[in-house]
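Take a look at the structure set out below.
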Amino acid sequence: MGYSSLSPIILIFFLFMLLPIIIAFLYSFTSYSLYSEPMFIGFENYFNIFTDEAFWQSLNRSLILVVIVVGLQYLCGIVLALLINENLKGMRWVKYILMVPWVIPVASTVMMFNWLLAPDYGLLNIIFTNFGFEHLNRYWFGDVKWSFFFVILMHIWRNTPFYAITFYAAMKNIPSELFEAAEIDGANSFQKFLNITMPALKYPSMIMICIHVFWTLNNFDFIWLSTGGGPVNATEVLATFTYEKAWVFYEFGEACASGIIMMAIMSIFAIIYIKIVGSEK
């Protein structure tokens, strides 16, 4: 009865997740492209990718993006959750509008940032011009030095509210008796946060970090809609690198190999994550 109840989900999982992975894995060993039929070539696609400097730059940028974005989202989320939990004046309105950045479609978010960073009429450039910094007027997404910074900023702006609401919900489940007992024992606010709040956030933190590592490493739409991986590949990450292999150069075999490498990286992280969670029980 149990297996028969699960069979529809198992079938959907096989057809739409496992089967495409198997097919991509098999194609990664072929010369499949728009110009040729699939022909087995062994590990040549993987060799081509690992000797491609653009791949290593994309991998390095992806890892930097994950570390900075997930780390700052986590820290900002905890700070916001603590502020909301304190019931300070005006925080009730913050609760109402906090999730707005997260529920806005990604395309709308990118359009908003494009407007903010546009030359001449963009809000950021207008502010610089009014304060006498006309020389800073530029299209910021088209600047090699600054484009990646604003991609990071978009990630943080959109996803931090999700962290904040999750941590706020976890904080509300902490028994107030624990804080009262800590006060009786003479604990200060930092000690209460360190010894009561943070342990209560341990498992929500692990889940949030794991999910957002996968989301950020796989993220394609933010970068493609804002910079397209440019300028001069300054914002190229593994997701856009793989997309270009498939749909710009039509090298489907190499694109599959790149996708398999991405999956391997995430699998390694997942295994480490499971080991850490298991060791904590």
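Residue numbering restarts at 1 in every chain; chains get A, B, ... in the order shown in the structure tokens, and ligands count up from 1 in that same order.
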Show which residues sit within 9 Å of A:Gly42, as number ranges by chain. Count only C-alpha atoms, and ignore same-chain residues fewer than 3 positions away.
A: 28-30, 45-46
Same residues, C-alpha atoms, saved as a compact mmCIF listing (two decimals), in the first residue's frame:
```txt
# COMPACT_ATOMS: atom_id res chain seq x y z
CA SER A 28 28.27 14.42 -21.77
CA PHE A 29 30.41 11.64 -23.26
CA THR A 30 29.37 12.43 -26.84
CA ASN A 45 34.12 17.19 -23.26
CA TYR A 46 35.30 17.17 -19.66
```
A:Lys245 environment, 9 Å, only C-alpha atoms, sequence neighbours closer than 6 positions dropped, as a compact mmCIF listing (two decimals) with C-alpha atoms, in the first residue's frame:
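Saved as selection36.txt:
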```txt
# COMPACT_ATOMS: atom_id res chain seq x y z
CA GLU A 251 27.71 22.43 -28.04
CA PHE A 252 25.18 20.26 -26.23
CA GLY A 253 27.71 17.61 -25.21
CA GLU A 254 29.95 20.13 -23.46
CA ALA A 255 26.89 21.82 -21.94
CA CYS A 256 25.80 18.47 -20.46
CA SER A 258 29.25 21.38 -17.51
```
Find the residues near A:His135: any atom within 12 Å, counting only C-alpha atoms, skip ones fewer than 6 places away on the same chain, and give them as a ChimeraX atom specification.
/A:119-120,125-126,128-129
Residue subset to file, keeping C-alpha atoms, as a JSON list (two decimals), in the first residue's frame:
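The resulting out-v8.json:
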```
[["chain", "number", "residue", "atom", "x", "y", "z"],
["A", 119, "PRO", "CA", 23.01, 56.43, -16.99],
["A", 120, "ASP", "CA", 21.61, 59.98, -16.98],
["A", 125, "ASN", "CA", 23.42, 58.71, -11.14],
["A", 126, "ILE", "CA", 20.97, 61.54, -10.43],
["A", 128, "PHE", "CA", 25.77, 61.60, -7.77],
["A", 129, "THR", "CA", 25.13, 64.43, -10.23]]
```
Would you please give, as a ChimeraX atom specification, all residues of stretch 80-276 of chain A that DSSP assigns to alpha helix (DSSP H) based on the backbone?
/A:80-85,91-97,100-103,106-117,123-130,147-172,176-184,189-192,198-200,202-218,221-226,238-247,252-276
Closest contacts (stretch 34-118 of chain A/stretch 159-165 of chain A, max 10 Å, only C-alpha atoms) as JSON lines:
```
{"residue": "A:Val69", "atom": "CA", "partner": "A:Asn159", "partner_atom": "CA", "distance": 9.2}
{"residue": "A:Val70", "atom": "CA", "partner": "A:Thr160", "partner_atom": "CA", "distance": 9.1}
{"residue": "A:Leu72", "atom": "CA", "partner": "A:Thr160", "partner_atom": "CA", "distance": 8.3}
{"residue": "A:Gln73", "atom": "CA", "partner": "A:Thr160", "partner_atom": "CA", "distance": 4.9}
{"residue": "A:Tyr74", "atom": "CA", "partner": "A:Tyr163", "partner_atom": "CA", "distance": 6.5}
{"residue": "A:Leu75", "atom": "CA", "partner": "A:Thr160", "partner_atom": "CA", "distance": 8.8}
{"residue": "A:Cys76", "atom": "CA", "partner": "A:Thr160", "partner_atom": "CA", "distance": 6.4}
{"residue": "A:Gly77", "atom": "CA", "partner": "A:Ala164", "partner_atom": "CA", "distance": 4.1}
{"residue": "A:Ile78", "atom": "CA", "partner": "A:Ala164", "partner_atom": "CA", "distance": 6.0}
{"residue": "A:Val79", "atom": "CA", "partner": "A:Ala164", "partner_atom": "CA", "distance": 7.8}
{"residue": "A:Leu80", "atom": "CA", "partner": "A:Ala164", "partner_atom": "CA", "distance": 5.6}
{"residue": "A:Ala81", "atom": "CA", "partner": "A:Ala164", "partner_atom": "CA", "distance": 4.8}
{"residue": "A:Leu82", "atom": "CA", "partner": "A:Ala164", "partner_atom": "CA", "distance": 8.5}
{"residue": "A:Leu83", "atom": "CA", "partner": "A:Ala164", "partner_atom": "CA", "distance": 9.6}
{"residue": "A:Ile84", "atom": "CA", "partner": "A:Ala164", "partner_atom": "CA", "distance": 8.7}
{"residue": "A:Lys95", "atom": "CA", "partner": "A:Ile165", "partner_atom": "CA", "distance": 8.4}
{"residue": "A:Ile97", "atom": "CA", "partner": "A:Pro161", "partner_atom": "CA", "distance": 9.5}
{"residue": "A:Leu98", "atom": "CA", "partner": "A:Pro161", "partner_atom": "CA", "distance": 5.8}
{"residue": "A:Met99", "atom": "CA", "partner": "A:Pro161", "partner_atom": "CA", "distance": 5.5}
{"residue": "A:Val100", "atom": "CA", "partner": "A:Pro161", "partner_atom": "CA", "distance": 8.2}
{"residue": "A:Pro101", "atom": "CA", "partner": "A:Pro161", "partner_atom": "CA", "distance": 7.2}
{"residue": "A:Trp102", "atom": "CA", "partner": "A:Asn159", "partner_atom": "CA", "distance": 5.8}
{"residue": "A:Val103", "atom": "CA", "partner": "A:Asn159", "partner_atom": "CA", "distance": 9.5}
```
Take the residues from that selection and write them out as a PDB file, in the first residue's frame, keeping N, CA and C atoms.
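So result22.pdb came out as:
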```pdb
ATOM      1  N   VAL A  69      27.133  36.095  -0.909  1.00  0.00           N
ATOM      2  CA  VAL A  69      25.683  36.285  -0.885  1.00  0.00           C
ATOM      3  C   VAL A  69      25.041  35.532   0.267  1.00  0.00           C
ATOM      4  N   VAL A  70      25.337  34.242   0.398  1.00  0.00           N
ATOM      5  CA  VAL A  70      24.713  33.450   1.458  1.00  0.00           C
ATOM      6  C   VAL A  70      25.152  33.958   2.835  1.00  0.00           C
ATOM      7  N   LEU A  72      26.164  37.090   3.727  1.00  0.00           N
ATOM      8  CA  LEU A  72      25.558  38.385   4.055  1.00  0.00           C
ATOM      9  C   LEU A  72      24.046  38.264   4.235  1.00  0.00           C
ATOM     10  N   GLN A  73      23.394  37.426   3.419  1.00  0.00           N
ATOM     11  CA  GLN A  73      21.959  37.209   3.610  1.00  0.00           C
ATOM     12  C   GLN A  73      21.680  36.640   4.998  1.00  0.00           C
ATOM     13  N   TYR A  74      22.521  35.728   5.427  1.00  0.00           N
ATOM     14  CA  TYR A  74      22.342  35.113   6.747  1.00  0.00           C
ATOM     15  C   TYR A  74      22.499  36.157   7.854  1.00  0.00           C
ATOM     16  N   LEU A  75      23.562  36.940   7.786  1.00  0.00           N
ATOM     17  CA  LEU A  75      23.811  37.943   8.832  1.00  0.00           C
ATOM     18  C   LEU A  75      22.723  39.011   8.845  1.00  0.00           C
ATOM     19  N   CYS A  76      22.366  39.517   7.672  1.00  0.00           N
ATOM     20  CA  CYS A  76      21.318  40.549   7.594  1.00  0.00           C
ATOM     21  C   CYS A  76      19.970  39.997   8.033  1.00  0.00           C
ATOM     22  N   GLY A  77      19.706  38.723   7.706  1.00  0.00           N
ATOM     23  CA  GLY A  77      18.452  38.098   8.110  1.00  0.00           C
ATOM     24  C   GLY A  77      18.329  37.981   9.612  1.00  0.00           C
ATOM     25  N   ILE A  78      19.425  37.606  10.284  1.00  0.00           N
ATOM     26  CA  ILE A  78      19.405  37.496  11.743  1.00  0.00           C
ATOM     27  C   ILE A  78      19.195  38.872  12.381  1.00  0.00           C
ATOM     28  N   VAL A  79      19.898  39.894  11.863  1.00  0.00           N
ATOM     29  CA  VAL A  79      19.749  41.250  12.411  1.00  0.00           C
ATOM     30  C   VAL A  79      18.311  41.729  12.263  1.00  0.00           C
ATOM     31  N   LEU A  80      17.727  41.548  11.091  1.00  0.00           N
ATOM     32  CA  LEU A  80      16.345  41.958  10.863  1.00  0.00           C
ATOM     33  C   LEU A  80      15.381  41.199  11.772  1.00  0.00           C
ATOM     34  N   ALA A  81      15.603  39.896  11.912  1.00  0.00           N
ATOM     35  CA  ALA A  81      14.734  39.083  12.771  1.00  0.00           C
ATOM     36  C   ALA A  81      14.808  39.540  14.222  1.00  0.00           C
ATOM     37  N   LEU A  82      16.002  39.884  14.683  1.00  0.00           N
ATOM     38  CA  LEU A  82      16.162  40.377  16.057  1.00  0.00           C
ATOM     39  C   LEU A  82      15.438  41.708  16.248  1.00  0.00           C
ATOM     40  N   LEU A  83      15.534  42.598  15.257  1.00  0.00           N
ATOM     41  CA  LEU A  83      14.854  43.889  15.356  1.00  0.00           C
ATOM     42  C   LEU A  83      13.341  43.718  15.393  1.00  0.00           C
ATOM     43  N   ILE A  84      12.827  42.839  14.536  1.00  0.00           N
ATOM     44  CA  ILE A  84      11.383  42.596  14.518  1.00  0.00           C
ATOM     45  C   ILE A  84      10.934  41.968  15.827  1.00  0.00           C
ATOM     46  N   LYS A  95       7.129  44.355   9.389  1.00  0.00           N
ATOM     47  CA  LYS A  95       6.659  42.990   9.162  1.00  0.00           C
ATOM     48  C   LYS A  95       5.784  42.901   7.917  1.00  0.00           C
ATOM     49  N   ILE A  97       5.770  44.845   5.193  1.00  0.00           N
ATOM     50  CA  ILE A  97       6.421  45.119   3.906  1.00  0.00           C
ATOM     51  C   ILE A  97       7.708  44.312   3.700  1.00  0.00           C
ATOM     52  N   LEU A  98       8.121  43.559   4.719  1.00  0.00           N
ATOM     53  CA  LEU A  98       9.415  42.883   4.661  1.00  0.00           C
ATOM     54  C   LEU A  98       9.509  41.890   3.512  1.00  0.00           C
ATOM     55  N   MET A  99       8.414  41.173   3.236  1.00  0.00           N
ATOM     56  CA  MET A  99       8.474  40.130   2.221  1.00  0.00           C
ATOM     57  C   MET A  99       8.271  40.651   0.806  1.00  0.00           C
ATOM     58  N   VAL A 100       8.040  41.948   0.660  1.00  0.00           N
ATOM     59  CA  VAL A 100       7.794  42.494  -0.679  1.00  0.00           C
ATOM     60  C   VAL A 100       8.956  42.209  -1.639  1.00  0.00           C
ATOM     61  N   PRO A 101      10.235  42.451  -1.251  1.00  0.00           N
ATOM     62  CA  PRO A 101      11.320  42.154  -2.198  1.00  0.00           C
ATOM     63  C   PRO A 101      11.363  40.681  -2.628  1.00  0.00           C
ATOM     64  N   TRP A 102      10.981  39.788  -1.719  1.00  0.00           N
ATOM     65  CA  TRP A 102      11.082  38.360  -2.032  1.00  0.00           C
ATOM     66  C   TRP A 102       9.967  37.888  -2.953  1.00  0.00           C
ATOM     67  N   VAL A 103       8.780  38.495  -2.857  1.00  0.00           N
ATOM     68  CA  VAL A 103       7.650  38.044  -3.684  1.00  0.00           C
ATOM     69  C   VAL A 103       7.616  38.731  -5.044  1.00  0.00           C
TER      70      VAL A 103
END
```
Find the residue from A:Pro20, A:Ile223, A:Leu26, A:Val94 that sits nearest to A:Pro38; use only C-alpha atoms when measuring.
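When distances to A:Pro38 are compared using only C-alpha atoms, the smallest one comes from A:Leu26.
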Nearby residues (only C-alpha atoms) at most 8 Å from A:Ala24, same-chain spacing under 5 positions excluded, as a PyMOL selection string
chain A and resi 256-257+259-260
Would you pick out the contacts of A:Ile64 at 10 Å or less, using only C-alpha atoms, so that residues sharing its chain but fewer than 4 positions from it are not included, and give the list as a VMD selection string?
chain A and resid 58 to 60 68 to 70 152 217 237
Spatial neighbours of stretch 181-194 of chain A, 12 Å, only C-alpha atoms, chain gap at least 6 places, as a PyMOL selection string:
chain A and resi 78-79+82+86+171+174-175+200-202
Okay, now the selection with N, CA and C atoms, as an mmCIF file, in the first residue's frame?
```cif
data_model
loop_
_atom_site.group_PDB
_atom_site.id
_atom_site.type_symbol
_atom_site.label_atom_id
_atom_site.label_comp_id
_atom_site.auth_asym_id
_atom_site.auth_seq_id
_atom_site.Cartn_x
_atom_site.Cartn_y
_atom_site.Cartn_z
ATOM 1 N N ILE A 78 19.425 37.606 10.284
ATOM 2 C CA ILE A 78 19.405 37.496 11.743
ATOM 3 C C ILE A 78 19.195 38.872 12.381
ATOM 4 N N VAL A 79 19.898 39.894 11.863
ATOM 5 C CA VAL A 79 19.749 41.250 12.411
ATOM 6 C C VAL A 79 18.311 41.729 12.263
ATOM 7 N N LEU A 82 16.002 39.884 14.683
ATOM 8 C CA LEU A 82 16.162 40.377 16.057
ATOM 9 C C LEU A 82 15.438 41.708 16.248
ATOM 10 N N GLU A 86 12.057 42.381 18.727
ATOM 11 C CA GLU A 86 12.102 43.306 19.858
ATOM 12 C C GLU A 86 10.838 44.163 19.972
ATOM 13 N N MET A 171 12.479 32.294 16.372
ATOM 14 C CA MET A 171 12.655 33.012 17.639
ATOM 15 C C MET A 171 11.365 33.049 18.454
ATOM 16 N N ILE A 174 10.873 30.137 20.851
ATOM 17 C CA ILE A 174 11.753 29.945 22.004
ATOM 18 C C ILE A 174 10.961 30.263 23.275
ATOM 19 N N PRO A 175 10.900 29.351 24.242
ATOM 20 C CA PRO A 175 10.147 29.613 25.488
ATOM 21 C C PRO A 175 10.700 30.841 26.210
ATOM 22 N N ALA A 200 18.776 27.849 19.162
ATOM 23 C CA ALA A 200 17.425 27.628 18.637
ATOM 24 C C ALA A 200 17.369 27.825 17.128
ATOM 25 N N LEU A 201 18.318 28.590 16.590
ATOM 26 C CA LEU A 201 18.350 28.846 15.146
ATOM 27 C C LEU A 201 19.247 27.877 14.392
ATOM 28 N N LYS A 202 19.795 26.893 15.097
ATOM 29 C CA LYS A 202 20.782 26.008 14.484
ATOM 30 C C LYS A 202 20.212 25.256 13.293
#
```
Within 12 Å of A:Ile207 using only C-alpha atoms, minus same-chain residues under 6 positions, as a list in words
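Once the nearby chain positions are removed, what remains is Tyr74, Tyr163, Thr166, Phe167, Leu201, Val213, Phe214, Ala270, Tyr273, Ile274, Ile276 and Val277 of chain A.
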Kindly save the residues from that selection, with N, CA and C atoms included, as a PDB file, in the first residue's frame.
```pdb
ATOM      1  N   TYR A  74      22.521  35.728   5.427  1.00  0.00           N
ATOM      2  CA  TYR A  74      22.342  35.113   6.747  1.00  0.00           C
ATOM      3  C   TYR A  74      22.499  36.157   7.854  1.00  0.00           C
ATOM      4  N   TYR A 163      15.134  34.978   4.875  1.00  0.00           N
ATOM      5  CA  TYR A 163      15.896  34.596   6.063  1.00  0.00           C
ATOM      6  C   TYR A 163      15.261  35.220   7.304  1.00  0.00           C
ATOM      7  N   THR A 166      11.967  33.624   8.401  1.00  0.00           N
ATOM      8  CA  THR A 166      12.217  32.269   8.904  1.00  0.00           C
ATOM      9  C   THR A 166      12.817  32.311  10.300  1.00  0.00           C
ATOM     10  N   PHE A 167      13.824  33.155  10.502  1.00  0.00           N
ATOM     11  CA  PHE A 167      14.462  33.250  11.815  1.00  0.00           C
ATOM     12  C   PHE A 167      13.527  33.882  12.847  1.00  0.00           C
ATOM     13  N   LEU A 201      18.318  28.590  16.590  1.00  0.00           N
ATOM     14  CA  LEU A 201      18.350  28.846  15.146  1.00  0.00           C
ATOM     15  C   LEU A 201      19.247  27.877  14.392  1.00  0.00           C
ATOM     16  N   VAL A 213      22.507  27.981  -0.859  1.00  0.00           N
ATOM     17  CA  VAL A 213      23.722  27.619  -1.601  1.00  0.00           C
ATOM     18  C   VAL A 213      23.327  27.034  -2.950  1.00  0.00           C
ATOM     19  N   PHE A 214      22.339  26.128  -2.954  1.00  0.00           N
ATOM     20  CA  PHE A 214      21.878  25.543  -4.207  1.00  0.00           C
ATOM     21  C   PHE A 214      21.239  26.600  -5.104  1.00  0.00           C
ATOM     22  N   ALA A 270      26.120  18.789  -0.501  1.00  0.00           N
ATOM     23  CA  ALA A 270      24.996  18.124   0.156  1.00  0.00           C
ATOM     24  C   ALA A 270      25.478  17.008   1.077  1.00  0.00           C
ATOM     25  N   TYR A 273      26.953  18.583   4.107  1.00  0.00           N
ATOM     26  CA  TYR A 273      25.844  19.114   4.902  1.00  0.00           C
ATOM     27  C   TYR A 273      25.152  18.013   5.694  1.00  0.00           C
ATOM     28  N   ILE A 274      24.851  16.885   5.033  1.00  0.00           N
ATOM     29  CA  ILE A 274      24.195  15.758   5.699  1.00  0.00           C
ATOM     30  C   ILE A 274      25.067  15.209   6.825  1.00  0.00           C
ATOM     31  N   ILE A 276      27.281  16.894   8.575  1.00  0.00           N
ATOM     32  CA  ILE A 276      27.272  17.850   9.690  1.00  0.00           C
ATOM     33  C   ILE A 276      25.990  17.733  10.472  1.00  0.00           C
ATOM     34  N   VAL A 277      24.835  17.695   9.764  1.00  0.00           N
ATOM     35  CA  VAL A 277      23.541  17.586  10.431  1.00  0.00           C
ATOM     36  C   VAL A 277      23.457  16.284  11.218  1.00  0.00           C
TER      37      VAL A 277
END
```
Which one of A:Ile127, A:Val110, A:Met154, A:Val232 sits closest to A:Gly142 if you count only C-alpha atoms?
A:Val232
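Taking atom CA of A:Tyr35 and atom CA of A:Phe249 as endpoints, the distance between them is 10.3 Å.
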Have a look at A:Phe133, A:Phe141, A:Tyr250, A:Tyr168 and name the one nearest to A:Ala234; count only C-alpha atoms.
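Looking at the shortest contact to A:Ala234, the residue is A:Phe141.
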